[in-house]
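> Below you'll find start-v4.cif; it's mmCIF, C-alpha atoms.
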```cif
data_target
#
loop_
_atom_site.label_atom_id
_atom_site.label_comp_id
_atom_site.auth_asym_id
_atom_site.auth_seq_id
_atom_site.Cartn_x
_atom_site.Cartn_y
_atom_site.Cartn_z
CA MET A 29 -6.01 7.36 -8.01
CA THR A 30 -9.28 5.48 -7.76
CA ASP A 31 -12.06 5.47 -10.34
CA SER A 32 -14.61 8.22 -9.73
CA GLN A 33 -17.51 6.74 -7.75
CA SER A 34 -19.73 8.10 -5.00
CA ALA A 35 -19.45 6.59 -1.55
CA PRO A 36 -23.17 5.71 -1.15
CA GLN A 37 -22.90 3.12 -3.94
CA LEU A 38 -20.35 1.07 -2.00
CA PRO A 39 -20.84 -1.14 1.07
CA ASP A 40 -18.60 -0.62 4.08
CA LEU A 41 -15.64 -2.99 4.50
CA PRO A 42 -16.64 -5.41 7.30
CA ASP A 43 -14.82 -4.62 10.54
CA ASP A 44 -14.12 -8.25 11.40
CA PHE A 45 -10.30 -8.26 11.32
CA SER A 46 -7.49 -7.37 13.70
CA SER A 47 -4.34 -7.29 11.55
CA VAL A 48 -3.37 -5.86 8.18
CA LEU A 49 -0.22 -6.25 6.07
CA VAL A 50 0.36 -3.66 3.33
CA ILE A 51 2.64 -5.01 0.58
CA VAL A 52 3.83 -2.51 -2.04
CA ALA A 53 6.76 -1.83 -4.34
CA HIS A 54 8.24 1.51 -3.24
CA PRO A 55 8.50 4.04 -0.43
CA ASP A 56 5.56 6.47 -0.71
CA ASP A 57 3.29 3.82 -2.31
CA PRO A 58 1.32 3.36 0.95
CA GLU A 59 1.01 7.12 1.43
CA TYR A 60 -0.75 7.84 -1.88
CA GLY A 61 -4.10 7.00 -0.30
CA ILE A 62 -3.76 3.70 1.60
CA GLY A 63 -2.31 5.54 4.62
CA ALA A 64 -5.65 7.21 5.35
CA ALA A 65 -7.21 3.76 5.91
CA VAL A 66 -4.15 2.63 7.85
CA GLY A 67 -4.55 5.57 10.23
CA THR A 68 -8.19 4.62 10.73
CA TRP A 69 -7.29 1.01 11.47
CA THR A 70 -4.48 1.78 13.92
CA ARG A 71 -6.73 4.28 15.74
CA ALA A 72 -9.14 1.37 16.20
CA GLY A 73 -6.39 -0.79 17.71
CA LYS A 74 -5.67 -2.93 14.68
CA ARG A 75 -2.13 -4.14 14.04
CA VAL A 76 -0.68 -2.89 10.72
CA GLY A 77 2.65 -3.68 9.08
CA TYR A 78 4.29 -2.65 5.81
CA VAL A 79 6.42 -4.74 3.46
CA LEU A 80 8.17 -2.73 0.74
CA ALA A 81 9.88 -4.55 -2.10
CA SER A 82 12.43 -1.79 -2.80
CA ARG A 83 13.90 1.29 -1.15
CA GLY A 84 12.96 3.49 -4.11
CA GLU A 85 16.58 4.19 -4.97
CA ALA A 86 15.78 5.10 -8.58
CA GLY A 87 12.96 7.44 -7.65
CA ILE A 88 14.54 10.89 -7.20
CA GLU A 89 15.83 12.56 -10.35
CA GLY A 90 19.35 13.91 -9.96
CA MET A 91 20.05 12.01 -6.72
CA ASP A 92 22.53 9.13 -6.70
CA PRO A 93 20.70 5.84 -6.03
CA GLY A 94 22.86 5.05 -3.01
CA ARG A 95 21.95 8.37 -1.41
CA ALA A 96 18.31 8.11 -2.51
CA ALA A 97 17.93 4.72 -0.82
CA VAL A 98 19.04 6.21 2.50
CA VAL A 99 16.81 9.27 2.13
CA ARG A 100 13.74 7.33 1.10
CA THR A 101 14.18 4.73 3.83
CA ALA A 102 14.24 7.48 6.45
CA GLU A 103 11.23 9.19 4.87
CA GLN A 104 9.27 5.94 4.92
CA GLU A 105 10.11 5.32 8.56
CA ALA A 106 8.85 8.80 9.44
CA ALA A 107 5.70 8.25 7.34
CA CYS A 108 4.94 5.02 9.21
CA ALA A 109 5.17 6.78 12.57
CA GLU A 110 2.52 9.32 11.54
CA VAL A 111 -0.15 6.63 11.07
CA GLY A 112 0.88 4.23 13.82
CA VAL A 113 2.71 1.58 11.78
CA GLU A 114 5.43 -0.08 13.85
CA SER A 115 6.49 -2.95 11.54
CA LEU A 116 8.36 -1.94 8.37
CA VAL A 117 10.29 -4.48 6.27
CA PHE A 118 12.29 -3.83 3.09
CA LEU A 119 12.98 -6.74 0.74
CA ASP A 120 15.72 -4.82 -1.13
CA GLN A 121 14.51 -5.66 -4.61
CA PRO A 122 15.92 -3.40 -7.38
CA ASP A 123 13.79 -0.30 -7.88
CA GLY A 124 12.41 -0.23 -11.42
CA ARG A 125 13.38 -3.87 -12.05
CA ILE A 126 11.08 -5.83 -9.75
CA LEU A 127 10.20 -9.18 -11.31
CA GLN A 128 7.78 -11.98 -10.48
CA THR A 129 10.39 -14.49 -9.35
CA PRO A 130 10.06 -17.52 -7.08
CA GLU A 131 12.58 -15.85 -4.78
CA LEU A 132 10.40 -12.74 -4.39
CA ARG A 133 7.31 -14.86 -3.78
CA THR A 134 9.17 -16.79 -1.09
CA ALA A 135 10.40 -13.60 0.59
CA ILE A 136 6.88 -12.18 0.69
CA ALA A 137 5.41 -15.49 1.89
CA ARG A 138 7.86 -15.54 4.80
CA GLU A 139 6.80 -12.01 5.81
CA ILE A 140 3.16 -13.06 5.65
CA ARG A 141 3.92 -16.01 7.90
CA SER A 142 5.83 -13.78 10.29
CA PHE A 143 3.16 -11.06 10.56
CA ARG A 144 0.12 -13.35 10.25
CA PRO A 145 -2.33 -10.79 8.83
CA ASP A 146 -6.07 -11.20 8.43
CA ILE A 147 -6.04 -8.81 5.47
CA VAL A 148 -3.41 -8.03 2.84
CA VAL A 149 -3.56 -4.62 1.13
CA LEU A 150 -2.00 -4.07 -2.31
CA LEU A 151 -1.65 -1.12 -4.64
CA ASN A 152 -3.23 -1.35 -8.09
CA PHE A 153 -1.45 -4.12 -10.01
CA GLN A 154 -3.65 -3.99 -13.12
CA GLN A 155 -2.34 -3.01 -16.55
CA THR A 156 -3.66 0.55 -16.25
CA TRP A 157 -4.83 3.22 -13.85
CA GLY A 158 -8.50 3.68 -14.67
CA GLY A 159 -7.94 2.61 -18.26
CA VAL A 160 -6.24 5.91 -19.12
CA ARG A 161 -2.56 5.41 -18.33
CA PHE A 162 -0.33 2.39 -18.04
CA ASN A 163 0.73 1.08 -14.65
CA SER A 164 4.40 0.56 -13.89
CA ALA A 165 5.99 -2.87 -14.21
CA ASP A 166 7.05 -2.73 -10.56
CA HIS A 167 3.44 -2.31 -9.37
CA ARG A 168 2.15 -5.03 -11.67
CA ASN A 169 4.86 -7.55 -10.87
CA LEU A 170 4.93 -6.92 -7.14
CA GLY A 171 1.16 -7.16 -6.82
CA GLN A 172 0.94 -10.43 -8.70
CA ALA A 173 3.88 -11.86 -6.74
CA ALA A 174 2.14 -10.91 -3.49
CA VAL A 175 -1.12 -12.58 -4.53
CA ASP A 176 0.80 -15.76 -5.36
CA ALA A 177 2.80 -15.50 -2.13
CA ILE A 178 -0.38 -15.56 -0.07
CA GLY A 179 -1.02 -19.03 -1.46
CA ASP A 180 2.63 -20.00 -1.01
CA ALA A 181 2.47 -19.01 2.67
CA GLY A 182 -0.20 -21.65 3.16
CA ASN A 183 1.81 -24.48 1.61
CA GLU A 184 4.71 -26.01 3.53
CA TRP A 185 5.98 -27.76 0.39
CA ILE A 186 6.29 -24.63 -1.75
CA VAL A 187 7.88 -22.64 1.08
CA PRO A 188 9.29 -24.97 3.74
CA GLY A 189 8.28 -24.13 7.28
CA GLN A 190 5.13 -23.66 9.31
CA ARG A 191 2.38 -22.63 6.96
CA TYR A 192 -0.06 -19.75 7.43
CA ASP A 193 -3.36 -19.59 5.57
CA GLY A 194 -5.19 -16.99 7.66
CA VAL A 195 -5.52 -14.23 5.04
CA THR A 196 -9.27 -13.79 4.62
CA ARG A 197 -9.34 -10.88 2.15
CA ILE A 198 -7.11 -9.02 -0.29
CA LEU A 199 -7.77 -5.29 -0.70
CA GLU A 200 -6.55 -3.52 -3.84
CA PHE A 201 -6.31 0.27 -3.78
CA GLY A 202 -6.45 2.17 -7.07
CA ALA A 203 -8.57 -0.36 -8.95
CA HIS A 204 -12.34 -0.12 -9.46
CA PRO A 205 -13.62 -0.22 -5.86
CA THR A 206 -16.21 -2.58 -4.42
CA HIS A 207 -16.13 -1.45 -0.75
CA ARG A 208 -15.30 1.67 1.24
CA VAL A 209 -13.55 2.60 4.49
CA ASP A 210 -14.47 5.76 6.43
CA VAL A 211 -11.21 7.68 6.87
CA THR A 212 -12.56 11.04 8.03
CA GLU A 213 -10.77 11.04 11.38
CA SER A 214 -7.39 10.08 9.90
CA LEU A 215 -7.09 12.59 7.06
CA GLU A 216 -4.65 14.90 8.84
CA ALA A 217 -2.44 11.97 9.82
CA ALA A 218 -2.52 10.69 6.23
CA ILE A 219 -1.49 14.10 4.87
CA ALA A 220 1.32 14.36 7.41
CA SER A 221 2.45 10.84 6.52
CA LEU A 222 2.69 11.64 2.82
CA ALA A 223 4.43 14.95 3.56
CA CYS A 224 7.21 12.96 5.26
CA HIS A 225 8.39 12.08 1.74
CA ARG A 226 9.76 15.61 1.56
CA GLU A 227 12.71 15.18 -0.77
CA TYR A 228 10.78 12.88 -3.06
CA LEU A 229 7.86 15.29 -3.42
CA ALA A 230 10.13 18.33 -3.72
CA ALA A 231 11.76 16.70 -6.74
CA LEU A 232 8.38 16.22 -8.40
CA SER A 233 7.02 19.76 -8.12
CA ASP A 234 7.88 23.27 -7.00
CA ASP A 235 4.62 23.42 -5.04
CA PRO A 236 5.00 23.28 -1.24
CA VAL A 237 5.23 19.69 -0.01
CA GLU A 238 2.31 20.08 2.40
CA GLN A 239 0.13 21.44 -0.42
CA GLN A 240 1.06 18.53 -2.66
CA ALA A 241 0.30 16.04 0.10
CA LYS A 242 -3.11 17.55 0.83
CA GLU A 243 -4.09 17.62 -2.85
CA ILE A 244 -2.96 14.02 -3.42
CA ILE A 245 -4.84 12.68 -0.41
CA HIS A 246 -8.02 14.59 -1.22
CA SER A 247 -7.93 13.43 -4.83
CA SER A 248 -8.34 9.81 -3.68
CA LEU A 249 -11.40 10.37 -1.48
CA LEU A 250 -15.06 9.49 -1.89
CA TRP A 251 -17.48 11.72 0.02
CA GLU A 252 -20.91 11.21 1.58
CA ASP A 253 -22.62 13.73 3.89
CA GLY A 254 -19.32 15.36 4.77
CA ARG A 255 -17.62 12.03 5.56
CA ALA A 256 -14.49 10.97 3.69
CA HIS A 257 -14.03 7.40 2.46
CA LEU A 258 -11.47 5.39 0.54
CA GLY A 259 -12.57 2.80 -1.97
CA PHE A 260 -10.94 -0.63 -2.22
CA ARG A 261 -11.50 -3.57 -4.52
CA VAL A 262 -12.00 -6.54 -2.22
CA TYR A 263 -11.18 -10.15 -3.08
CA GLY A 264 -12.19 -13.02 -0.86
#
```
Would you mind giving the structure from this file in structure tokens?


Amino acid sequence: MTDSQSAPQLPDLPDDFSSVLVIVAHPDDPEYGIGAAVGTWTRAGKRVGYVLASRGEAGIEGMDPGRAAVVRTAEQEAACAEVGVESLVFLDQPDGRILQTPELRTAIAREIRSFRPDIVVLLNFQQTWGGVRFNSADHRNLGQAAVDAIGDAGNEWIVPGQRYDGVTRILEFGAHPTHRVDVTESLEAAIASLACHREYLAALSDDPVEQQAKEIIHSSLLWEDGRAHLGFRVYG
């Protein structure tokens, strides 16, 4: 899901942070690549939390949204456990209808203030994936709302309360990368984390879930001398 680029062309992400907040639209969004970096960070003792805008209730064909929300919530909780994520928050926005509203920005800003991350990680919120297929409205709207919410969190007049302006970088996964993270030691955990979305993946393909998970994770990797990396576009 990242543009094809060899790892040697990218500098390493500086290891000068202790906390990371991943903010995405749906269950499984962190597991399509980001989870490999998350596993690396938690192994190093960094604190990582997830904020998900929706419960992905519209994401499984043939399954009633009420049932799907329960299934996908449980799958996401299991996925978090595989890579050492202990903080998981759902904002209960409508799956497929996420909009850039002041209310969503405020909700995200409050989670940023609560978790107090050094780094915020987002999924691609550009118009396209690699210029070849259009990105979903949920990803675009959630990503832009999160960027704006980082600023809101630092302003007590936009969002009343104690402000927090400690986010030093934004990382975007799935856009043209500028930096890399070595994820070699966390690949198995990342595959297991994605495979926790069993019912979701089973609805997408007849291939075994574990095979799908391995192929998806490996498709996102950059390699150098037998070491696996993920690429991120870094702002800040």

> Env of A:His54: 9 Å cut, atoms = only C-alpha atoms, seq-sep filter 4 positions within chain, self excluded. Answer as an mmCIF file with C-alpha atoms, keeping the file's coordinate frame.


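Printed below is around03.cif as written:
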```cif
data_model
loop_
_atom_site.group_PDB
_atom_site.id
_atom_site.type_symbol
_atom_site.label_atom_id
_atom_site.label_comp_id
_atom_site.auth_asym_id
_atom_site.auth_seq_id
_atom_site.Cartn_x
_atom_site.Cartn_y
_atom_site.Cartn_z
ATOM 1 C CA PRO A 58 1.320 3.360 0.950
ATOM 2 C CA LEU A 80 8.170 -2.730 0.740
ATOM 3 C CA ALA A 81 9.880 -4.550 -2.100
ATOM 4 C CA SER A 82 12.430 -1.790 -2.800
ATOM 5 C CA ARG A 83 13.900 1.290 -1.150
ATOM 6 C CA GLY A 84 12.960 3.490 -4.110
ATOM 7 C CA GLU A 85 16.580 4.190 -4.970
ATOM 8 C CA GLY A 87 12.960 7.440 -7.650
ATOM 9 C CA ASP A 123 13.790 -0.300 -7.880
ATOM 10 C CA ASP A 166 7.050 -2.730 -10.560
ATOM 11 C CA HIS A 167 3.440 -2.310 -9.370
#
```

> Counting only C-alpha atoms, what are the residues of stretch 72-170 of chain A within 7 Å of stretch 224-245 of chain A, and for each of them which pair of atoms is the nearest and at what distance in Å, to one decimal? Sort the table by chain and rising number, as JSON lines.


```
{"residue": "A:Ile88", "atom": "CA", "partner": "A:Tyr228", "partner_atom": "CA", "distance": 5.9}
{"residue": "A:Glu89", "atom": "CA", "partner": "A:Ala231", "partner_atom": "CA", "distance": 6.8}
{"residue": "A:Glu103", "atom": "CA", "partner": "A:His225", "partner_atom": "CA", "distance": 5.1}
{"residue": "A:Gln104", "atom": "CA", "partner": "A:His225", "partner_atom": "CA", "distance": 7.0}
{"residue": "A:Ala106", "atom": "CA", "partner": "A:Cys224", "partner_atom": "CA", "distance": 6.1}
{"residue": "A:Ala107", "atom": "CA", "partner": "A:Cys224", "partner_atom": "CA", "distance": 5.4}
```

> Could you tell me how far atom CA of A:Ser221 lies from atom CA of A:Glu110, in Å and to one decimal?

5.2 Å

> Could you spell out the hits of the PyMOL selection byres ((chain A and resi 174) around 12) on the shown file, as a PDB file with C-alpha atoms, in the coordinates of the input?


```
ATOM      1  CA  LEU A  49      -0.220  -6.250   6.070  1.00  0.00           C
ATOM      2  CA  VAL A  50       0.360  -3.660   3.330  1.00  0.00           C
ATOM      3  CA  ILE A  51       2.640  -5.010   0.580  1.00  0.00           C
ATOM      4  CA  VAL A  52       3.830  -2.510  -2.040  1.00  0.00           C
ATOM      5  CA  ALA A  53       6.760  -1.830  -4.340  1.00  0.00           C
ATOM      6  CA  VAL A  79       6.420  -4.740   3.460  1.00  0.00           C
ATOM      7  CA  LEU A  80       8.170  -2.730   0.740  1.00  0.00           C
ATOM      8  CA  ALA A  81       9.880  -4.550  -2.100  1.00  0.00           C
ATOM      9  CA  LEU A 127      10.200  -9.180 -11.310  1.00  0.00           C
ATOM     10  CA  GLN A 128       7.780 -11.980 -10.480  1.00  0.00           C
ATOM     11  CA  THR A 129      10.390 -14.490  -9.350  1.00  0.00           C
ATOM     12  CA  PRO A 130      10.060 -17.520  -7.080  1.00  0.00           C
ATOM     13  CA  GLU A 131      12.580 -15.850  -4.780  1.00  0.00           C
ATOM     14  CA  LEU A 132      10.400 -12.740  -4.390  1.00  0.00           C
ATOM     15  CA  ARG A 133       7.310 -14.860  -3.780  1.00  0.00           C
ATOM     16  CA  THR A 134       9.170 -16.790  -1.090  1.00  0.00           C
ATOM     17  CA  ALA A 135      10.400 -13.600   0.590  1.00  0.00           C
ATOM     18  CA  ILE A 136       6.880 -12.180   0.690  1.00  0.00           C
ATOM     19  CA  ALA A 137       5.410 -15.490   1.890  1.00  0.00           C
ATOM     20  CA  ARG A 138       7.860 -15.540   4.800  1.00  0.00           C
ATOM     21  CA  GLU A 139       6.800 -12.010   5.810  1.00  0.00           C
ATOM     22  CA  ILE A 140       3.160 -13.060   5.650  1.00  0.00           C
ATOM     23  CA  VAL A 148      -3.410  -8.030   2.840  1.00  0.00           C
ATOM     24  CA  VAL A 149      -3.560  -4.620   1.130  1.00  0.00           C
ATOM     25  CA  LEU A 150      -2.000  -4.070  -2.310  1.00  0.00           C
ATOM     26  CA  LEU A 151      -1.650  -1.120  -4.640  1.00  0.00           C
ATOM     27  CA  ASN A 152      -3.230  -1.350  -8.090  1.00  0.00           C
ATOM     28  CA  PHE A 153      -1.450  -4.120 -10.010  1.00  0.00           C
ATOM     29  CA  ASP A 166       7.050  -2.730 -10.560  1.00  0.00           C
ATOM     30  CA  HIS A 167       3.440  -2.310  -9.370  1.00  0.00           C
ATOM     31  CA  ARG A 168       2.150  -5.030 -11.670  1.00  0.00           C
ATOM     32  CA  ASN A 169       4.860  -7.550 -10.870  1.00  0.00           C
ATOM     33  CA  LEU A 170       4.930  -6.920  -7.140  1.00  0.00           C
ATOM     34  CA  GLY A 171       1.160  -7.160  -6.820  1.00  0.00           C
ATOM     35  CA  GLN A 172       0.940 -10.430  -8.700  1.00  0.00           C
ATOM     36  CA  ALA A 173       3.880 -11.860  -6.740  1.00  0.00           C
ATOM     37  CA  VAL A 175      -1.120 -12.580  -4.530  1.00  0.00           C
ATOM     38  CA  ASP A 176       0.800 -15.760  -5.360  1.00  0.00           C
ATOM     39  CA  ALA A 177       2.800 -15.500  -2.130  1.00  0.00           C
ATOM     40  CA  ILE A 178      -0.380 -15.560  -0.070  1.00  0.00           C
ATOM     41  CA  GLY A 179      -1.020 -19.030  -1.460  1.00  0.00           C
ATOM     42  CA  ASP A 180       2.630 -20.000  -1.010  1.00  0.00           C
ATOM     43  CA  ALA A 181       2.470 -19.010   2.670  1.00  0.00           C
ATOM     44  CA  VAL A 195      -5.520 -14.230   5.040  1.00  0.00           C
ATOM     45  CA  ILE A 198      -7.110  -9.020  -0.290  1.00  0.00           C
ATOM     46  CA  LEU A 199      -7.770  -5.290  -0.700  1.00  0.00           C
ATOM     47  CA  GLU A 200      -6.550  -3.520  -3.840  1.00  0.00           C
TER      48      GLU A 200
END
```

> Spell out the residues picked by the PyMOL selection byres ((chain A and resi 62) around 9) here, as a VMD selection string.

chain A and resid 50 57 to 61 63 to 67 149 to 151 201 218 258

> Since the input is missing atoms, can you rebuild N, CA, C and O atoms for stretch 118-138 of chain A and write them as a PDB file, in the coordinates of the input?


```pdb
ATOM      1  N   PHE A 118      11.859  -4.030   4.468  1.00  0.00           N
ATOM      2  CA  PHE A 118      12.290  -3.830   3.090  1.00  0.00           C
ATOM      3  C   PHE A 118      12.875  -5.139   2.557  1.00  0.00           C
ATOM      4  O   PHE A 118      13.687  -5.771   3.236  1.00  0.00           O
ATOM      5  N   LEU A 119      12.473  -5.517   1.354  1.00  0.00           N
ATOM      6  CA  LEU A 119      12.980  -6.740   0.740  1.00  0.00           C
ATOM      7  C   LEU A 119      14.180  -6.491  -0.160  1.00  0.00           C
ATOM      8  O   LEU A 119      14.777  -7.433  -0.675  1.00  0.00           O
ATOM      9  N   ASP A 120      14.536  -5.224  -0.368  1.00  0.00           N
ATOM     10  CA  ASP A 120      15.720  -4.820  -1.130  1.00  0.00           C
ATOM     11  C   ASP A 120      15.750  -5.388  -2.544  1.00  0.00           C
ATOM     12  O   ASP A 120      16.799  -5.801  -3.051  1.00  0.00           O
ATOM     13  N   GLN A 121      14.581  -5.372  -3.185  1.00  0.00           N
ATOM     14  CA  GLN A 121      14.510  -5.660  -4.610  1.00  0.00           C
ATOM     15  C   GLN A 121      14.961  -4.408  -5.389  1.00  0.00           C
ATOM     16  O   GLN A 121      14.899  -3.292  -4.874  1.00  0.00           O
ATOM     17  N   PRO A 122      15.432  -4.551  -6.624  1.00  0.00           N
ATOM     18  CA  PRO A 122      15.920  -3.400  -7.380  1.00  0.00           C
ATOM     19  C   PRO A 122      14.788  -2.502  -7.866  1.00  0.00           C
ATOM     20  O   PRO A 122      13.894  -2.959  -8.597  1.00  0.00           O
ATOM     21  N   ASP A 123      14.807  -1.255  -7.473  1.00  0.00           N
ATOM     22  CA  ASP A 123      13.790  -0.300  -7.880  1.00  0.00           C
ATOM     23  C   ASP A 123      13.758  -0.176  -9.401  1.00  0.00           C
ATOM     24  O   ASP A 123      14.785   0.025 -10.034  1.00  0.00           O
ATOM     25  N   GLY A 124      12.565  -0.312  -9.967  1.00  0.00           N
ATOM     26  CA  GLY A 124      12.410  -0.230 -11.420  1.00  0.00           C
ATOM     27  C   GLY A 124      12.639  -1.538 -12.142  1.00  0.00           C
ATOM     28  O   GLY A 124      12.391  -1.610 -13.357  1.00  0.00           O
ATOM     29  N   ARG A 125      13.081  -2.575 -11.434  1.00  0.00           N
ATOM     30  CA  ARG A 125      13.380  -3.870 -12.050  1.00  0.00           C
ATOM     31  C   ARG A 125      12.809  -5.017 -11.249  1.00  0.00           C
ATOM     32  O   ARG A 125      13.338  -6.127 -11.255  1.00  0.00           O
ATOM     33  N   ILE A 126      11.708  -4.777 -10.542  1.00  0.00           N
ATOM     34  CA  ILE A 126      11.080  -5.830  -9.750  1.00  0.00           C
ATOM     35  C   ILE A 126      10.418  -6.837 -10.682  1.00  0.00           C
ATOM     36  O   ILE A 126       9.674  -6.461 -11.586  1.00  0.00           O
ATOM     37  N   LEU A 127      10.721  -8.109 -10.463  1.00  0.00           N
ATOM     38  CA  LEU A 127      10.200  -9.180 -11.310  1.00  0.00           C
ATOM     39  C   LEU A 127       9.429 -10.194 -10.473  1.00  0.00           C
ATOM     40  O   LEU A 127       9.665 -10.336  -9.272  1.00  0.00           O
ATOM     41  N   GLN A 128       8.533 -10.907 -11.134  1.00  0.00           N
ATOM     42  CA  GLN A 128       7.780 -11.980 -10.480  1.00  0.00           C
ATOM     43  C   GLN A 128       8.640 -13.242 -10.437  1.00  0.00           C
ATOM     44  O   GLN A 128       8.521 -14.117 -11.282  1.00  0.00           O
ATOM     45  N   THR A 129       9.510 -13.340  -9.468  1.00  0.00           N
ATOM     46  CA  THR A 129      10.390 -14.490  -9.350  1.00  0.00           C
ATOM     47  C   THR A 129       9.962 -15.384  -8.193  1.00  0.00           C
ATOM     48  O   THR A 129       9.320 -14.916  -7.238  1.00  0.00           O
ATOM     49  N   PRO A 130      10.329 -16.665  -8.234  1.00  0.00           N
ATOM     50  CA  PRO A 130      10.060 -17.520  -7.080  1.00  0.00           C
ATOM     51  C   PRO A 130      10.701 -16.994  -5.803  1.00  0.00           C
ATOM     52  O   PRO A 130      10.140 -17.131  -4.714  1.00  0.00           O
ATOM     53  N   GLU A 131      11.874 -16.385  -5.948  1.00  0.00           N
ATOM     54  CA  GLU A 131      12.580 -15.850  -4.780  1.00  0.00           C
ATOM     55  C   GLU A 131      11.789 -14.715  -4.136  1.00  0.00           C
ATOM     56  O   GLU A 131      11.705 -14.620  -2.905  1.00  0.00           O
ATOM     57  N   LEU A 132      11.206 -13.827  -4.954  1.00  0.00           N
ATOM     58  CA  LEU A 132      10.400 -12.740  -4.390  1.00  0.00           C
ATOM     59  C   LEU A 132       9.141 -13.298  -3.729  1.00  0.00           C
ATOM     60  O   LEU A 132       8.769 -12.872  -2.631  1.00  0.00           O
ATOM     61  N   ARG A 133       8.487 -14.246  -4.380  1.00  0.00           N
ATOM     62  CA  ARG A 133       7.310 -14.860  -3.780  1.00  0.00           C
ATOM     63  C   ARG A 133       7.641 -15.482  -2.429  1.00  0.00           C
ATOM     64  O   ARG A 133       6.887 -15.335  -1.454  1.00  0.00           O
ATOM     65  N   THR A 134       8.777 -16.154  -2.347  1.00  0.00           N
ATOM     66  CA  THR A 134       9.170 -16.790  -1.090  1.00  0.00           C
ATOM     67  C   THR A 134       9.432 -15.742  -0.017  1.00  0.00           C
ATOM     68  O   THR A 134       9.019 -15.904   1.143  1.00  0.00           O
ATOM     69  N   ALA A 135      10.110 -14.658  -0.383  1.00  0.00           N
ATOM     70  CA  ALA A 135      10.400 -13.600   0.590  1.00  0.00           C
ATOM     71  C   ALA A 135       9.105 -12.988   1.127  1.00  0.00           C
ATOM     72  O   ALA A 135       8.973 -12.743   2.335  1.00  0.00           O
ATOM     73  N   ILE A 136       8.154 -12.740   0.251  1.00  0.00           N
ATOM     74  CA  ILE A 136       6.880 -12.180   0.690  1.00  0.00           C
ATOM     75  C   ILE A 136       6.115 -13.194   1.544  1.00  0.00           C
ATOM     76  O   ILE A 136       5.536 -12.846   2.586  1.00  0.00           O
ATOM     77  N   ALA A 137       6.109 -14.452   1.122  1.00  0.00           N
ATOM     78  CA  ALA A 137       5.410 -15.490   1.890  1.00  0.00           C
ATOM     79  C   ALA A 137       5.959 -15.584   3.312  1.00  0.00           C
ATOM     80  O   ALA A 137       5.195 -15.753   4.276  1.00  0.00           O
ATOM     81  N   ARG A 138       7.253 -15.466   3.453  1.00  0.00           N
ATOM     82  CA  ARG A 138       7.860 -15.540   4.800  1.00  0.00           C
ATOM     83  C   ARG A 138       7.419 -14.351   5.655  1.00  0.00           C
ATOM     84  O   ARG A 138       7.210 -14.492   6.872  1.00  0.00           O
TER      85      ARG A 138
END
```
